[in-house]
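Note sheet for the following structure.
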Number of protein chains: 2
Amino acid sequence: MTPRLIALDWGTSSLRAFLLGADGTVLERRAERLGIMQTPPDGFPASFAQIAGAWRRRWPHLPAIAAGMIGSTQGWAQAPYRRNAAGAAEMAESLISVPSGDGGVLHIVPGLAMDTPRAEVMRGEETQIIGALTIDPGLARGRLLLPGTHSKWAVLADGRIAGFATFMTGELFAVLRGHSILGRLQGDLPPDESGFDAGVTTARDGDGLAALLFSARAQVLLGTLPAAASLPYLSGLLIGDEIRGALAAGHGAGRLALIGDAALCARYRRALSHFGITDVPAIEGAAEAGLWRIACLAGLVIPEPVQETMP
Amino acid sequence: MTPRLIALDWGTSSLRAFLLGADGTVLERRAERLGIMQTPPDGFPASFAQIAGAWRRRWPHLPAIAAGMIGSTQGWAQAPYRRNAAGAAEMAESLISVPSGDGGVLHIVPGLAMDTPRAEVMRGEETQIIGALTIDPGLARGRLLLPGTHSKWAVLADGRIAGFATFMTGELFAVLRGHSILGRLQGDLPPDESGFDAGVTTARDGDGLAALLFSARAQVLLGTLPAAASLPYLSGLLIGDEIRGALAAGHGAGRLALIGDAALCARYRRALSHFGITDVPAIEGAAEAGLWRIACLAGLVIPEPVQETMP
C-alpha cells in the first residue's frame, strides 16, 4: 500500500510518527523522546527530519500533519486555539502550516479552548477525541476520559466536543510524591496496592481533596494505614477525587470510554468500578485516526497514490 | 516579678521560648531557628541550652514545658497522641518528661489524635487552642482556625476539642509554586493581588480543587487572567477551597477566631469575607497561655517564687 500521509502526535515529552496509507491504515510507526521539552526552540526542523526525514526523502510530496504541544507558544509555531464547541471540520479549517526545513511544510492542528463554564484548554487531545469518534461512532453522545498529567474529561454531542474539564491529577501526584511530606511516608517500601482502593473510596465519599490529603499522613501515624500503602493511597485519593469531581460537575451522562496508556487506563478502570462505572472500553489508535480524519477534511490527503522518488 | 515557668513552643522550623511569671505573664521571650528540622537527633539538649540555658542557670529549679513537633518521632522524645476529644486536663495528665541535659527535665505535651470521622493528628495546635480558651472563654462552643502549612480547623464543645480537620493548604501552595506548571506562570512578575479574590470566589463556587487548579493556566493562556495575578489566584483557590471544604464538613457553626501569623490571618480574613464571615478576631499569645494552663493543671508551677541562684 502506498503512503498518503505523515501524521505526528507531538507532545511535551514524546513524538510519535505514523506513516498512513489509504483509509488511514498505519503502514509504519516510530517514536522518539523528541517532545517539545527535549527540543531547543530552533531544533524543530532537525527533530522533524530525524523522525520523518526518511519518509519525506522517499516520498517528497507526502503531506505531513501534527497535533499537540508542537502548536503551542513553546512549540514550533503557534496554532491559535479554536474557541468553544468544535468538531473535526472546525479543526480542519483552522490548520496552520510552517516550513518544515526540507522544502515542504508541516500542517499543525490548533488546540481547543472553552470559555464557559470555566476557562479550559487542550492541545492534542482534541485530535485523539476526533479519532476516537471515527473508530467508535457510538461515542458521538458519550464521554471520553484521557487520564494523564493533566487528565481531560470530554463531553460529546453530535460528534462534537461540547465541553471538557481538566484535572491536574498526574502532576499533583508527581509534585506531592516528590516534594511534600506525603511522599516521604513511603520511603523505599514496595507499594502495597491495597491503599489504592482505600484512597479511591475515601475520595468518593469525601468533599474534595483539600481535607483528605493529610489523612494519608494521619493514618500512617495512627497505624491505620501501612506506610507501604501510603503512595498507592495518595494515588487513589487523587484519581478518586478526579472522578468524584467530574461526576459532580455533570460529566456523568452517556457512554464512557478511555484513551491512554494501558496501565493508566487499568488504574482508572479500577477506580471507576468503585463508582459503579464498569465496562469502560479503551480506544486504541485515536491520535493517528484523528490526524487522518482532520487531514482528509482539510483536503491534504490527495486521492491518488503519491509519486515515489526512484532510489 | 519572679519567674515561674519556662514555656517552649517547639515546632518544625522554629523554637519560641517564654519566661512566664505569676498568672502566666510573659516576662521575657526569645525565638531561634532551632526547629526540629534544624536540630540533629542528638542536638536537642544543645538547642534547649541555647534558648533556655541562661534562665535555667539563674533559676535552676524553674520547671520547663514544651509543646509541638518536639514530641513527635522526629523530635526529642515521643509524647504519644491523646486520642479523641480532649481538654486541658487530659493533656496535663499525659505529659511526658525527658532529661534536659542540665540536670533537670523538660516536660512535653502530647499531640492530639482523632480516629473519627477521619484520622487526624495535631501537635502544638492543641496547646494553642487550650490557650485561646483561657484568653477568650467565649470560644468554649466556638471554632478556631489555625492557618499555615497544615491549616487546622477545630470545633470546640464545653471548652474541649470536639473535632478538627487538617488542610494542607500552605504545603500545597509551596509545592505547586515551586514544582508545578502553575508556579511558572508568574515568572518574576510582581504579584497582582486582584487574582486572590478571583481565586477565592472561584473555589467558593466550585466543587473541589482538582477541577479548578488548571483554570489558573487556562485563564492565563486565554488572556482572562494576567500572568502577574496567577500566584495570588492560586493562593486564593487554595484558601478558598479550604474554607469551602471546612464549611461543607460542618465546621460552620459557632463563633470563629483565628490563631496565627498576622499577615496570614489577614489573608484568611479577606477570604472569609467572600463567604460572608466577618469580624473574625485573632487570638494573640495562645501558645504561651496554653503552656501555662497545662503546666498549672499538671502541678508543675509551684505556687511560691522559685529560688534564685546568687550570681
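To be explicit about the labels: the chains of the C-alpha cells are called A, B, and onward in the order shown, and within each one the residues are counted from 1, while ligands get numbers from 1 in the order they are shown.
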If you take only C-alpha atoms and a cut-off of 10 Å, which residues of chain A touch chain B, and what are their nearest atom pairs and distances in Å to one decimal, in chain and number order, as JSON lines?
{"residue": "A:Ser72", "atom": "CA", "partner": "B:Leu221", "partner_atom": "CA", "distance": 9.9}
{"residue": "A:Thr73", "atom": "CA", "partner": "B:Leu221", "partner_atom": "CA", "distance": 9.6}
{"residue": "A:Tyr81", "atom": "CA", "partner": "B:Leu222", "partner_atom": "CA", "distance": 8.7}
{"residue": "A:Arg83", "atom": "CA", "partner": "B:Leu222", "partner_atom": "CA", "distance": 9.8}
{"residue": "A:Ala113", "atom": "CA", "partner": "B:Leu222", "partner_atom": "CA", "distance": 7.9}
{"residue": "A:Met114", "atom": "CA", "partner": "B:Ala218", "partner_atom": "CA", "distance": 9.1}
{"residue": "A:Asp115", "atom": "CA", "partner": "B:Leu222", "partner_atom": "CA", "distance": 8.3}
{"residue": "A:Arg118", "atom": "CA", "partner": "B:Ser215", "partner_atom": "CA", "distance": 7.1}
{"residue": "A:Ala119", "atom": "CA", "partner": "B:Ala218", "partner_atom": "CA", "distance": 5.5}
{"residue": "A:Glu120", "atom": "CA", "partner": "B:Ala218", "partner_atom": "CA", "distance": 5.2}
{"residue": "A:Val121", "atom": "CA", "partner": "B:Ala218", "partner_atom": "CA", "distance": 5.7}
{"residue": "A:Met122", "atom": "CA", "partner": "B:Ala218", "partner_atom": "CA", "distance": 8.9}
{"residue": "A:His150", "atom": "CA", "partner": "B:Phe214", "partner_atom": "CA", "distance": 8.2}
{"residue": "A:Ser151", "atom": "CA", "partner": "B:Ala211", "partner_atom": "CA", "distance": 9.7}
{"residue": "A:Lys152", "atom": "CA", "partner": "B:Ala211", "partner_atom": "CA", "distance": 9.9}
{"residue": "A:Ala165", "atom": "CA", "partner": "B:Ala211", "partner_atom": "CA", "distance": 6.8}
{"residue": "A:Thr166", "atom": "CA", "partner": "B:Ala211", "partner_atom": "CA", "distance": 6.0}
{"residue": "A:Phe167", "atom": "CA", "partner": "B:Ala211", "partner_atom": "CA", "distance": 5.0}
{"residue": "A:Met168", "atom": "CA", "partner": "B:Phe214", "partner_atom": "CA", "distance": 6.4}
{"residue": "A:Thr169", "atom": "CA", "partner": "B:Ala210", "partner_atom": "CA", "distance": 7.2}
{"residue": "A:Glu171", "atom": "CA", "partner": "B:Ser180", "partner_atom": "CA", "distance": 7.1}
{"residue": "A:Leu172", "atom": "CA", "partner": "B:Ser180", "partner_atom": "CA", "distance": 8.0}
{"residue": "A:Ala174", "atom": "CA", "partner": "B:Ser180", "partner_atom": "CA", "distance": 9.0}
{"residue": "A:Val175", "atom": "CA", "partner": "B:His179", "partner_atom": "CA", "distance": 6.3}
{"residue": "A:Leu176", "atom": "CA", "partner": "B:Val175", "partner_atom": "CA", "distance": 7.2}
{"residue": "A:Gly178", "atom": "CA", "partner": "B:His179", "partner_atom": "CA", "distance": 9.1}
{"residue": "A:His179", "atom": "CA", "partner": "B:Val175", "partner_atom": "CA", "distance": 6.3}
{"residue": "A:Ser180", "atom": "CA", "partner": "B:Val175", "partner_atom": "CA", "distance": 6.8}
{"residue": "A:Ile181", "atom": "CA", "partner": "B:Glu171", "partner_atom": "CA", "distance": 8.4}
{"residue": "A:Thr202", "atom": "CA", "partner": "B:Arg118", "partner_atom": "CA", "distance": 9.5}
{"residue": "A:Gly206", "atom": "CA", "partner": "B:Ala249", "partner_atom": "CA", "distance": 9.0}
{"residue": "A:Asp207", "atom": "CA", "partner": "B:Gly245", "partner_atom": "CA", "distance": 6.6}
{"residue": "A:Gly208", "atom": "CA", "partner": "B:Gly208", "partner_atom": "CA", "distance": 4.7}
{"residue": "A:Leu209", "atom": "CA", "partner": "B:Leu209", "partner_atom": "CA", "distance": 6.6}
{"residue": "A:Ala210", "atom": "CA", "partner": "B:Phe167", "partner_atom": "CA", "distance": 5.4}
{"residue": "A:Ala211", "atom": "CA", "partner": "B:Phe167", "partner_atom": "CA", "distance": 5.0}
{"residue": "A:Leu212", "atom": "CA", "partner": "B:Phe167", "partner_atom": "CA", "distance": 7.6}
{"residue": "A:Leu213", "atom": "CA", "partner": "B:Met168", "partner_atom": "CA", "distance": 7.0}
{"residue": "A:Phe214", "atom": "CA", "partner": "B:Met168", "partner_atom": "CA", "distance": 6.3}
{"residue": "A:Ser215", "atom": "CA", "partner": "B:Ala119", "partner_atom": "CA", "distance": 5.9}
{"residue": "A:Ala216", "atom": "CA", "partner": "B:Ala119", "partner_atom": "CA", "distance": 8.6}
{"residue": "A:Arg217", "atom": "CA", "partner": "B:Glu120", "partner_atom": "CA", "distance": 8.5}
{"residue": "A:Ala218", "atom": "CA", "partner": "B:Glu120", "partner_atom": "CA", "distance": 5.2}
{"residue": "A:Gln219", "atom": "CA", "partner": "B:Ala119", "partner_atom": "CA", "distance": 5.6}
{"residue": "A:Val220", "atom": "CA", "partner": "B:Ala119", "partner_atom": "CA", "distance": 9.2}
{"residue": "A:Leu221", "atom": "CA", "partner": "B:Val121", "partner_atom": "CA", "distance": 8.1}
{"residue": "A:Leu222", "atom": "CA", "partner": "B:Ala119", "partner_atom": "CA", "distance": 7.5}
{"residue": "A:Gly223", "atom": "CA", "partner": "B:Ala119", "partner_atom": "CA", "distance": 9.9}
{"residue": "A:Thr224", "atom": "CA", "partner": "B:Ala119", "partner_atom": "CA", "distance": 8.3}
{"residue": "A:Leu225", "atom": "CA", "partner": "B:Ala119", "partner_atom": "CA", "distance": 9.9}
{"residue": "A:Leu238", "atom": "CA", "partner": "B:Ala210", "partner_atom": "CA", "distance": 8.0}
{"residue": "A:Ile239", "atom": "CA", "partner": "B:Ala210", "partner_atom": "CA", "distance": 9.5}
{"residue": "A:Asp241", "atom": "CA", "partner": "B:Ala210", "partner_atom": "CA", "distance": 7.1}
{"residue": "A:Glu242", "atom": "CA", "partner": "B:Ala210", "partner_atom": "CA", "distance": 6.2}
{"residue": "A:Ile243", "atom": "CA", "partner": "B:Ala210", "partner_atom": "CA", "distance": 9.7}
{"residue": "A:Arg244", "atom": "CA", "partner": "B:Gly208", "partner_atom": "CA", "distance": 9.4}
{"residue": "A:Gly245", "atom": "CA", "partner": "B:Asp207", "partner_atom": "CA", "distance": 6.6}
{"residue": "A:Ala246", "atom": "CA", "partner": "B:Ala211", "partner_atom": "CA", "distance": 7.6}
{"residue": "A:Ala248", "atom": "CA", "partner": "B:Asp207", "partner_atom": "CA", "distance": 7.5}
{"residue": "A:Ala249", "atom": "CA", "partner": "B:Asp207", "partner_atom": "CA", "distance": 7.5}
Would you save the residues of that selection, restricted to C-alpha atoms, as a tab-separated table (two decimals), in the first residue's frame?
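File again.tsv, as written:
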chain	number	residue	atom	x	y	z
A	72	SER	CA	1.79	25.94	21.49
A	73	THR	CA	3.84	29.05	22.20
A	81	TYR	CA	-6.87	27.88	19.95
A	83	ARG	CA	-12.83	28.58	20.76
A	113	ALA	CA	-10.29	26.34	24.18
A	114	MET	CA	-13.53	26.75	26.11
A	115	ASP	CA	-14.52	29.98	27.82
A	118	ARG	CA	-14.69	27.68	33.04
A	119	ALA	CA	-11.59	28.54	31.05
A	120	GLU	CA	-10.17	25.30	29.62
A	121	VAL	CA	-7.55	24.46	27.01
A	122	MET	CA	-6.33	21.29	25.33
A	150	HIS	CA	-3.47	16.75	33.00
A	151	SER	CA	-6.46	14.42	32.73
A	152	LYS	CA	-9.21	15.54	30.38
A	165	ALA	CA	-12.63	19.69	32.11
A	166	THR	CA	-9.00	19.28	33.12
A	167	PHE	CA	-7.79	17.64	36.31
A	168	MET	CA	-4.11	18.03	37.20
A	169	THR	CA	-4.11	14.57	38.74
A	171	GLU	CA	1.07	16.45	38.01
A	172	LEU	CA	-0.36	16.72	41.53
A	174	ALA	CA	4.20	13.85	40.97
A	175	VAL	CA	4.73	17.04	42.97
A	176	LEU	CA	3.23	15.60	46.15
A	178	GLY	CA	8.47	14.31	45.08
A	179	HIS	CA	8.21	17.37	47.26
A	180	SER	CA	5.65	17.03	50.06
A	181	ILE	CA	5.55	15.36	53.43
A	202	THR	CA	-12.22	7.85	50.75
A	206	GLY	CA	-15.40	12.93	50.66
A	207	ASP	CA	-15.92	16.52	49.78
A	208	GLY	CA	-12.78	17.48	47.96
A	209	LEU	CA	-9.12	16.82	48.17
A	210	ALA	CA	-8.04	19.62	50.47
A	211	ALA	CA	-9.39	17.96	53.59
A	212	LEU	CA	-8.32	14.47	52.57
A	213	LEU	CA	-4.65	14.70	51.62
A	214	PHE	CA	-3.48	14.96	55.19
A	215	SER	CA	-5.36	11.76	56.05
A	216	ALA	CA	-2.54	9.81	54.38
A	217	ARG	CA	-0.11	11.09	56.97
A	218	ALA	CA	-2.51	10.93	59.89
A	219	GLN	CA	-3.44	7.31	59.18
A	220	VAL	CA	0.19	6.24	58.90
A	221	LEU	CA	0.98	7.98	62.20
A	222	LEU	CA	-2.01	6.34	63.87
A	223	GLY	CA	-1.23	2.93	62.44
A	224	THR	CA	-4.41	2.54	60.39
A	225	LEU	CA	-2.61	2.73	57.03
A	238	LEU	CA	-6.25	11.87	43.59
A	239	ILE	CA	-7.85	9.65	40.97
A	241	ASP	CA	-11.34	12.84	43.69
A	242	GLU	CA	-10.95	13.46	39.96
A	243	ILE	CA	-13.78	11.02	39.24
A	244	ARG	CA	-15.93	12.43	42.04
A	245	GLY	CA	-15.36	15.96	40.78
A	246	ALA	CA	-16.04	15.06	37.16
A	248	ALA	CA	-20.37	16.12	40.29
A	249	ALA	CA	-19.67	18.62	37.51
- Task: Considering only C-alpha atoms, return as a ChimeraX atom specification whatever protein or nucleic-acid residues lie within 10 Å of region 257-259 of chain B, sequence-local ones (same chain, fewer than 2 positions apart) excluded.
- Result: /B:125,128-129,132,136,139,142-148,152-153,254-255,261-262,264-266,268-269,279-287
- Query: Which neighbours of Leu19 (chain A) fall inside 10 Å, counting only C-alpha atoms, when residues of the same chain fewer than 3 positions from it are skipped, and could you give them as a PyMOL selection string?
  - Reply: chain A and resi 2-8+24-30+52+55+62+64+288
Store the residues picked out above, limited to N, CA and C atoms, as a CSV table (one decimal), in the first residue's frame.
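So the final result, stored in out-v6.csv, reads:
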chain,number,residue,atom,x,y,z
A,2,THR,N,0.6,2.2,-0.8
A,2,THR,CA,1.4,3.4,-0.9
A,2,THR,C,1.0,4.4,0.2
A,3,PRO,N,1.9,5.1,0.7
A,3,PRO,CA,1.6,6.0,1.8
A,3,PRO,C,0.9,7.3,1.3
A,4,ARG,N,0.0,7.8,2.2
A,4,ARG,CA,-0.7,9.0,1.8
A,4,ARG,C,-0.5,10.2,2.8
A,5,LEU,N,0.0,9.9,4.0
A,5,LEU,CA,0.1,11.0,5.0
A,5,LEU,C,1.2,10.6,6.0
A,6,ILE,N,1.9,11.6,6.4
A,6,ILE,CA,2.8,11.5,7.6
A,6,ILE,C,2.0,12.2,8.8
A,7,ALA,N,1.7,11.5,9.8
A,7,ALA,CA,0.9,12.0,10.9
A,7,ALA,C,1.8,12.0,12.2
A,8,LEU,N,1.8,13.2,12.9
A,8,LEU,CA,2.7,13.3,14.1
A,8,LEU,C,1.8,13.7,15.3
A,24,GLY,N,-6.3,5.6,6.1
A,24,GLY,CA,-5.6,5.8,7.4
A,24,GLY,C,-4.9,4.6,8.0
A,25,THR,N,-4.8,3.6,7.2
A,25,THR,CA,-4.1,2.4,7.7
A,25,THR,C,-2.6,2.7,8.1
A,26,VAL,N,-2.2,2.3,9.2
A,26,VAL,CA,-0.9,2.5,9.7
A,26,VAL,C,0.1,1.6,9.0
A,27,LEU,N,1.0,2.2,8.2
A,27,LEU,CA,2.0,1.4,7.5
A,27,LEU,C,3.3,1.2,8.3
A,28,GLU,N,3.6,2.3,8.9
A,28,GLU,CA,4.8,2.3,9.8
A,28,GLU,C,4.6,3.2,11.0
A,29,ARG,N,5.3,3.0,12.1
A,29,ARG,CA,5.2,3.9,13.2
A,29,ARG,C,6.5,4.0,13.8
A,30,ARG,N,6.8,5.2,14.3
A,30,ARG,CA,8.1,5.5,15.0
A,30,ARG,C,7.8,6.3,16.3
A,52,ALA,N,11.0,11.9,10.5
A,52,ALA,CA,10.2,11.7,9.3
A,52,ALA,C,11.0,12.0,8.0
A,55,TRP,N,11.1,9.2,5.3
A,55,TRP,CA,9.8,9.1,4.6
A,55,TRP,C,9.7,10.3,3.6
A,62,LEU,N,4.7,13.8,0.0
A,62,LEU,CA,3.8,13.3,1.0
A,62,LEU,C,3.5,14.4,2.1
A,64,ALA,N,2.3,16.3,5.5
A,64,ALA,CA,2.6,16.0,6.9
A,64,ALA,C,1.7,16.9,7.8
A,288,GLU,N,-3.7,8.8,15.7
A,288,GLU,CA,-3.4,8.7,14.2
A,288,GLU,C,-4.7,8.7,13.4
- Task: Could you please determine the separation between CA of Glu32 (chain A) and CA of Pro99 (chain A) in Å, to one decimal place?
- Result: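 Here the two named atoms are 21.1 Å from each other.
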- Item | Selection near Thr201 (chain B), 10 Å with only C-alpha atoms, sequence-local residues under 2 positions removed, as JSON, numbers by chain | {"B": [196, 197, 198, 199, 203, 204, 205, 206, 233, 236, 237, 240, 241, 244, 271, 274, 275]}
Limited to N, CA, C and O atoms, could you put the picked residues into a file as a compact mmCIF listing (two decimals), in the first residue's frame?
# COMPACT_ATOMS: atom_id res chain seq x y z
N PHE B 196 -6.19 37.12 43.89
CA PHE B 196 -6.54 36.39 45.12
C PHE B 196 -8.05 36.27 45.28
O PHE B 196 -8.58 35.17 45.49
N ASP B 197 -8.74 37.41 45.14
CA ASP B 197 -10.20 37.38 45.32
C ASP B 197 -10.87 36.54 44.24
O ASP B 197 -11.83 35.82 44.51
N ALA B 198 -10.33 36.62 43.02
CA ALA B 198 -10.89 35.79 41.95
C ALA B 198 -10.72 34.30 42.28
O ALA B 198 -11.62 33.49 42.05
N GLY B 199 -9.57 33.96 42.84
CA GLY B 199 -9.34 32.57 43.22
C GLY B 199 -10.28 32.11 44.33
O GLY B 199 -10.85 31.02 44.27
N ALA B 203 -13.15 29.18 43.93
CA ALA B 203 -13.17 27.99 44.78
C ALA B 203 -14.46 27.90 45.58
O ALA B 203 -15.03 26.82 45.75
N ARG B 204 -14.94 29.04 46.05
CA ARG B 204 -16.19 29.06 46.83
C ARG B 204 -17.34 28.48 46.00
O ARG B 204 -18.16 27.72 46.50
N ASP B 205 -17.39 28.84 44.73
CA ASP B 205 -18.49 28.41 43.87
C ASP B 205 -18.20 27.09 43.17
O ASP B 205 -18.99 26.63 42.35
N GLY B 206 -17.05 26.48 43.48
CA GLY B 206 -16.65 25.26 42.78
C GLY B 206 -16.98 24.02 43.58
O GLY B 206 -17.72 24.06 44.57
N TYR B 233 -3.90 34.18 42.49
CA TYR B 233 -5.09 33.40 42.15
C TYR B 233 -4.98 31.99 42.73
O TYR B 233 -5.93 31.46 43.33
N GLY B 236 -5.54 32.13 46.36
CA GLY B 236 -6.96 32.30 46.62
C GLY B 236 -7.74 31.02 46.41
O GLY B 236 -8.63 30.68 47.20
N LEU B 237 -7.41 30.28 45.36
CA LEU B 237 -8.07 28.99 45.11
C LEU B 237 -7.88 28.05 46.29
O LEU B 237 -8.83 27.41 46.75
N GLY B 240 -9.55 29.48 49.45
CA GLY B 240 -11.00 29.44 49.24
C GLY B 240 -11.53 28.02 49.31
O GLY B 240 -12.58 27.76 49.90
N ASP B 241 -10.79 27.08 48.74
CA ASP B 241 -11.26 25.70 48.77
C ASP B 241 -11.16 25.11 50.18
O ASP B 241 -11.98 24.28 50.58
N ARG B 244 -14.28 26.50 51.86
CA ARG B 244 -15.45 25.79 51.33
C ARG B 244 -15.53 24.38 51.92
O ARG B 244 -16.58 23.95 52.38
N ALA B 271 -10.34 36.25 52.67
CA ALA B 271 -11.02 35.13 52.01
C ALA B 271 -12.35 34.82 52.70
O ALA B 271 -13.37 34.61 52.02
N HIS B 274 -15.50 36.66 51.68
CA HIS B 274 -16.21 36.23 50.48
C HIS B 274 -17.23 35.13 50.78
O HIS B 274 -18.03 34.78 49.92
N PHE B 275 -17.14 34.58 51.98
CA PHE B 275 -18.14 33.59 52.42
C PHE B 275 -19.14 34.23 53.39
O PHE B 275 -19.90 33.52 54.04
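Taking CA of Asp192 (chain B) and CA of Arg270 (chain B) as endpoints, the distance between them is 15.2 Å.
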- Figure out the distance between CA of Phe164 (chain B) and CA of Gly195 (chain A), please, to one decimal in Å. 23.6 Å
- Message: Just checking: using only C-alpha atoms, which residue out of B:Ala227, B:Ala86, B:Val200, B:Ala22 ends up closest to Ala157 (chain B)?
- Response: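 Residue with the minimum atom-to-atom distance to Ala157 (chain B): B:Ala86.
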- Query: Got a sec to tell me which of region 145-258 of chain A DSSP assigns to strand (DSSP E or B), as a VMD selection string?
  - Reply: chain A and resid 145 to 146 151 to 157 160 to 167 256 to 258
